[in-house]
Amino acid sequence: MTERRRRSIFDLIDEYFENLEESVKRLRETLMEKPSWDRKACTIEPLRDISVTPTEVIVTVDLPYTEENTIRVKPLSKDVIEISAKMRRKISFDDFGITHYKGEFQTFHCQTRIPVPVYMDKMEVRFKRGILEIHLPRKHEYEIPIE
Amino acid sequence: MHAVKKTWGNYLEDVKIVEKKEIPSGCTMLFGFPDVGLVGVIAASHLISELNGLEEVAYVDSKLLPPLIVLHEGLPHSPIRIFGNHNILLAVSETAIPADVIYPIMYALIDWGKNKKVKMMISLSGIPIQERQDIEELKVFAAASNADVLKTVQEQGIEILKEGYMVGPQAIMLQRCASIGVPAITLLAQCFFNYPDPEAAAEVLKGLTKIIGLKVDVSKLLEKGEEIRLKARDVMRRTQQELSKMKKTQEYDMPLYIT
């Protein structure tokens with residue numbers, strides 16, 4: 001007879017966050033190994049971060065030189081958002097002292113996968129000190145009953 | 001060439017500090033290494049551009065580091081270099097230091113500094129704070145290697161980081177200096193965890209000014225804030241990966257008091 005160990009709600013929560021952390025880590029590492037710029041599209045990829053609270057997912061994006069009215073946040077599917085923003089001036093490789101590549105960039109662009117279900121239609125966005133904050137209320141699709 | 005004696009595992013045999021110039025004794029040794037908000041690196045980079053006569057005096061040569069050089073004007077440089085003048089030695093890294101080699105690299109640098117009779121070591125870094133974008137005035141905290149140094153810091157009006165965890169090169173520096181009897185301070189400005197934070201770098205430099213009386217104008221650093229944030233993106237990305245490996249978020253943890 002197989003004996004099933006009964007796990008507490010705390011074990012389940014711990015496991016859930018460990019899995020979540022692992023997924024975010026894997027995603028980050030995947031994102032790392034490519035240039036942070038796309039010369040053909042003339043875009044650069046901004047730094048971003050995701051945190052999951054009990055009630056919402058908060059995505060922050062570092063957007064220096066950005067004109068606030070050019071920021072666009074678009075849901076692409078139920079768990080992916082696309083962020084773009086135009087910079088106040090064009091940035092070239094020369095500005096970084098790099099002469100072996102040529103190209104100019106004026107747009108930040110990235111896509112971000114949201115790790116838990118959220119209400120995309122209830123998204124709230126604010127921009128302060130060059131940091132874009134996207135708040136997505138969490139969708140709690142099931143609950144674990146406490147015995 | 002100064003080969004550091006074996007004091008930490010077997011790794012130190014592979015970490016060498018190569019001196020390019022004569023190193024004066026009695027200097028204050030500063031550290032600006034990649035960490036949260038890249039506070040230390042940005043501050044160190046500003047010091048190099050602002051202070052007169054700060055030039056490369058030594059560099060780290062180690063097979064423990066990734067196979068990477070930094071090219072400046074077509075010439076190769078170690079990613080970890082020491083700049084100096086008659087009273088400052090500044091160790092700075094231009095790339096994220098892999099989490100698993102921080103111990104030997106820091107031990108080597110600290111032992112080298114002690115050998116050069118530095119009078120004090122100060123690490124410039126950050127302490128992450130949530131909702132950083134909502135904070136107008138950033139605080140600077142300090143921790144020290146012994147009670148006397150801590151008292152001196154407190155007298156300069158810098159708040160003490162009384163309890164909690166510290167993770168990263170600055171933690172190793174403090175612990176190592178405490179054990180070998182070198183006065184040391186870690187200065188930590190409140191900052192973003194994952195984004196380059198020039199404002200925090202400016203605050204940490206103001207804290208440094210209070211402690212060692214160094215005159216540093218931070219106005220250019222603040223003016224160039226957006227440019228620095230843009231340029232520092234890739235180093236920040238690499239640093240994020242190493243911060244994750246060294247469990248940096250432990251600094252948010254509530255400490256367990258054992259008395």
# chains A, B, ... in the order shown; residues from 1 in each chain; ligands from 1
>>> select_by_dssp(residues="chain A", states="strand (DSSP E)", output="ChimeraX atom specification")
/A:37-38,43-44,48-52,56-62,72-75,80-92,104-113,124-128,131-137
>>> interface_residues(of="chain B", to="chain A", cutoff="9 Å", atoms="only C-alpha atoms", output="count of residues only")
19
>>> residues_around(residues="region 139-146 of chain B", least_positions_apart="3", cutoff="10 Å", atoms="only C-alpha atoms", output="MDAnalysis selection string")
chainID B and resid 121:127 135:136 149:154 157:163 166 170:171 173:191 200 203:208
>>> residues_around(residues="Glu147 (chain A)", least_positions_apart="2", cutoff="10 Å", atoms="only C-alpha atoms", output="PyMOL selection string")
chain A and resi 8-9+144-145
>>> select_by_dssp(residues="region 57-127 of chain A", states="helix (DSSP H, G or I)", output="PDB file with N, CA and C atoms, in the first residue's frame")
ATOM      1  N   GLU A  68       7.666  60.057 -21.332  1.00  0.00           N
ATOM      2  CA  GLU A  68       6.575  59.305 -20.702  1.00  0.00           C
ATOM      3  C   GLU A  68       5.419  59.015 -21.667  1.00  0.00           C
ATOM      4  N   ASN A  69       5.102  60.003 -22.504  1.00  0.00           N
ATOM      5  CA  ASN A  69       3.937  59.817 -23.386  1.00  0.00           C
ATOM      6  C   ASN A  69       4.174  58.839 -24.538  1.00  0.00           C
ATOM      7  N   THR A  70       5.393  58.307 -24.629  1.00  0.00           N
ATOM      8  CA  THR A  70       5.664  57.325 -25.696  1.00  0.00           C
ATOM      9  C   THR A  70       5.628  55.890 -25.177  1.00  0.00           C
ATOM     10  N   PHE A  93      26.360  53.375 -30.914  1.00  0.00           N
ATOM     11  CA  PHE A  93      27.464  52.626 -30.306  1.00  0.00           C
ATOM     12  C   PHE A  93      28.609  53.575 -29.951  1.00  0.00           C
ATOM     13  N   ASP A  94      28.783  54.619 -30.772  1.00  0.00           N
ATOM     14  CA  ASP A  94      29.840  55.609 -30.506  1.00  0.00           C
ATOM     15  C   ASP A  94      29.713  56.198 -29.108  1.00  0.00           C
ATOM     16  N   ASP A  95      28.453  56.381 -28.663  1.00  0.00           N
ATOM     17  CA  ASP A  95      28.234  56.952 -27.321  1.00  0.00           C
ATOM     18  C   ASP A  95      28.813  56.073 -26.220  1.00  0.00           C
ATOM     19  N   PHE A  96      28.973  54.786 -26.518  1.00  0.00           N
ATOM     20  CA  PHE A  96      29.540  53.859 -25.539  1.00  0.00           C
ATOM     21  C   PHE A  96      31.040  53.643 -25.798  1.00  0.00           C
ATOM     22  N   MET A 120      -5.350  40.857 -17.204  1.00  0.00           N
ATOM     23  CA  MET A 120      -4.655  41.816 -18.080  1.00  0.00           C
ATOM     24  C   MET A 120      -5.480  43.097 -18.243  1.00  0.00           C
ATOM     25  N   ASP A 121      -6.814  42.927 -18.248  1.00  0.00           N
ATOM     26  CA  ASP A 121      -7.671  44.096 -18.495  1.00  0.00           C
ATOM     27  C   ASP A 121      -7.724  45.055 -17.292  1.00  0.00           C
ATOM     28  N   LYS A 122      -7.167  44.637 -16.165  1.00  0.00           N
ATOM     29  CA  LYS A 122      -7.169  45.521 -14.987  1.00  0.00           C
ATOM     30  C   LYS A 122      -5.771  46.090 -14.707  1.00  0.00           C
TER      31      LYS A 122
END
>>> closest_residue(among="A:Glu18, A:Thr107, A:Arg113, A:Val73", to="Ala85 (chain A)", atoms="only C-alpha atoms")
A:Thr107
>>> closest_residue(among="A:Leu136, A:Ile83, A:Leu27, A:Ile146", to="Val116 (chain A)", atoms="only C-alpha atoms")
A:Leu136
>>> residues_around(residues="Lys78 (chain A)", least_positions_apart="4", cutoff="9 Å", atoms="only C-alpha atoms", output="JSON, numbers by chain")
{"A": [114, 117, 118, 119, 120]}
>>> write_last_selection(atoms="N, CA and C atoms", output="compact mmCIF listing (two decimals), in the first residue's frame")
# COMPACT_ATOMS: atom_id res chain seq x y z
N ILE A 114 4.47 36.74 -17.75
CA ILE A 114 3.96 36.90 -16.39
C ILE A 114 3.82 35.50 -15.78
N PRO A 117 -1.31 33.54 -13.23
CA PRO A 117 -2.48 34.13 -13.92
C PRO A 117 -2.83 35.52 -13.37
N VAL A 118 -3.13 36.44 -14.30
CA VAL A 118 -3.47 37.82 -13.91
C VAL A 118 -4.63 38.33 -14.76
N TYR A 119 -5.24 39.40 -14.30
CA TYR A 119 -6.26 40.10 -15.09
C TYR A 119 -5.56 41.17 -15.93
N MET A 120 -5.35 40.86 -17.20
CA MET A 120 -4.65 41.82 -18.08
C MET A 120 -5.48 43.10 -18.24
